[in-house]
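Asker: First the structure, then my questions, so here it is.
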Amino acid sequence: MQTFSELIATSDFSKVWQKFIIQYPNKKDRLEKFSMLYEKLKLTIPADNKTNMYIYINVFQEDIDGESICINEFDEDDDSLFFDVSGKDDEWTGYSIASSKFNEWLGYYIDKESLDAMSNESFIAHCLWEMTFYYGYDDTVAR
């Protein structure tokens, strides 16, 4: 089982950033912050994954009535899609993992089905967005 830490260790940030700005173009000005976070993650020791948490990504598209529907086949570069990053534990219960500490993220396993549906770089890009969405780039603040 591959961990998020292992995925980051084998990926190039510049390629992750290319995928990131496709889906989050209004965040282009945050290149330096995300680059620094990426380097920090590469050096951080992952926490033990005691609950066997897996990171998975559901992909949604609006139908003709404006309702969001979950889709399995998609173009990862389609900027009209919505990517929902979540976690599932050993009881296969789904959770928001946005408030997880960065070292916890690093120890989480990668859902193979989610990763098979997109490139490693796109998967990481969506995780970086989820990791920083509520709490920013410093996970030492209280969560």
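A note on labels: chains of the structure tokens are A, B, ... as shown, every chain counts residues from 1, and ligands are counted from 1 in their shown order.
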From a DSSP pass on the backbone, collect the residues of region 2-129 of chain A flagged as helix (DSSP H, G or I) and hand them back as a count of residues only.

Answerer: 57

Asker: Fewer than 3 positions away in the same chain doesn't count, so skip those; otherwise give me all residues within 7 Å of region 112-124 of chain A, counting only C-alpha atoms, as a list in words.

Answerer: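 Using only C-alpha atoms, the neighbours found are Ser11, Lys15, Val16, Lys19, Phe20, Tyr56, Ile57, Glu76, Cys127 and Leu128 of chain A.
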
Asker: Do a neighbour search on Thr132 (chain A) at 12 Å with only C-alpha atoms, toss out local chain neighbours closer than 3 positions, and write the hits as a PyMOL selection string.

Answerer: chain A and resi 27+30+33-34+37-38+97-102+105+125-129+135-139

Asker: Out of region 9-103 of chain A, which residues get strand (DSSP E or B) from DSSP, as a list in words?

Answerer: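 Taking region 9-103 of chain A and keeping strand (DSSP E or B) gives Tyr54, Ile55, Tyr56, Ile57, Asn58, Val59, Phe60, Gln61, Glu62, Ser68, Ile69, Cys70, Ile71, Phe82, Phe83, Asp84, Val85, Ser86, Gly87, Lys88, Gly94 and Tyr95 of chain A.
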
Asker: Under the rule that only C-alpha atoms are counted, which of A:Asp48, A:Tyr54, A:Asp78, A:Ser14 is the nearest residue to Thr93 (chain A)?

Answerer: A:Tyr54

Asker: So the first atom is CA of Asp77 (chain A) and the second is CA of Met36 (chain A); what is the distance between them in Å, to one decimal place?

Answerer: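 These two atoms are separated by 24.2 Å.
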
Asker: Could you list, as a PDB file with N, CA, C and O atoms, in the first residue's frame, every residue within 8 Å of Cys70 (chain A), counting only C-alpha atoms and ignoring same-chain residues fewer than 6 positions away?

Answerer:
```
ATOM      1  N   ASN A  58     -13.336  11.757  -4.938  1.00  0.00           N
ATOM      2  CA  ASN A  58     -14.536  11.635  -5.764  1.00  0.00           C
ATOM      3  C   ASN A  58     -14.562  12.813  -6.721  1.00  0.00           C
ATOM      4  O   ASN A  58     -14.176  13.936  -6.356  1.00  0.00           O
ATOM      5  N   VAL A  59     -15.017  12.571  -7.921  1.00  0.00           N
ATOM      6  CA  VAL A  59     -15.061  13.609  -8.950  1.00  0.00           C
ATOM      7  C   VAL A  59     -16.521  13.866  -9.306  1.00  0.00           C
ATOM      8  O   VAL A  59     -17.288  12.931  -9.540  1.00  0.00           O
ATOM      9  N   PHE A  60     -16.871  15.147  -9.339  1.00  0.00           N
ATOM     10  CA  PHE A  60     -18.248  15.541  -9.614  1.00  0.00           C
ATOM     11  C   PHE A  60     -18.311  16.462 -10.822  1.00  0.00           C
ATOM     12  O   PHE A  60     -17.397  17.235 -11.081  1.00  0.00           O
ATOM     13  N   GLN A  61     -19.449  16.353 -11.503  1.00  0.00           N
ATOM     14  CA  GLN A  61     -19.727  17.187 -12.666  1.00  0.00           C
ATOM     15  C   GLN A  61     -21.180  17.637 -12.556  1.00  0.00           C
ATOM     16  O   GLN A  61     -22.021  16.887 -12.064  1.00  0.00           O
TER      17      GLN A  61
END
```

Asker: Could you tell me how far CA of Glu6 (chain A) sits from CA of Leu43 (chain A), in Å to one decimal place?

Answerer: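 Straight-line distance from CA of Leu43 (chain A) to CA of Glu6 (chain A) works out to 11.5 Å.
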
Asker: If you count only C-alpha atoms, which residues fall within 9 Å of Ser5 (chain A), apart from same-chain ones fewer than 4 positions away, as an NGL selection string?

Answerer: :A and (9-10 or 41-42 or 44-46 or 103 or 105-109)

Asker: Could the residues in this selection be saved with C-alpha atoms as a PDB file, in the first residue's frame?

Answerer:
```pdb
ATOM      1  CA  ALA A   9       8.769  11.511  -2.696  1.00  0.00           C
ATOM      2  CA  THR A  10       8.472  10.162  -6.247  1.00  0.00           C
ATOM      3  CA  LEU A  41       6.360  17.536   3.324  1.00  0.00           C
ATOM      4  CA  LYS A  42       9.255  15.721   1.649  1.00  0.00           C
ATOM      5  CA  THR A  44       8.555  15.396   7.372  1.00  0.00           C
ATOM      6  CA  ILE A  45       8.366  11.993   9.015  1.00  0.00           C
ATOM      7  CA  PRO A  46       4.905  10.455   8.462  1.00  0.00           C
ATOM      8  CA  ASN A 103       2.399  14.303   9.128  1.00  0.00           C
ATOM      9  CA  TRP A 105      -1.618  13.001   5.745  1.00  0.00           C
ATOM     10  CA  LEU A 106       1.821  11.674   4.884  1.00  0.00           C
ATOM     11  CA  GLY A 107       1.113   8.386   6.635  1.00  0.00           C
ATOM     12  CA  TYR A 108      -2.283   7.872   4.991  1.00  0.00           C
ATOM     13  CA  TYR A 109      -2.561   5.256   2.268  1.00  0.00           C
TER      14      TYR A 109
END
```

Asker: With only C-alpha atoms as the basis for distance, which of A:Phe74, A:Thr51, A:Gln2, A:Ile22 is at the shortest distance from Glu104 (chain A)?

Answerer: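 Of all the options, A:Thr51 lies closest to Glu104 (chain A).
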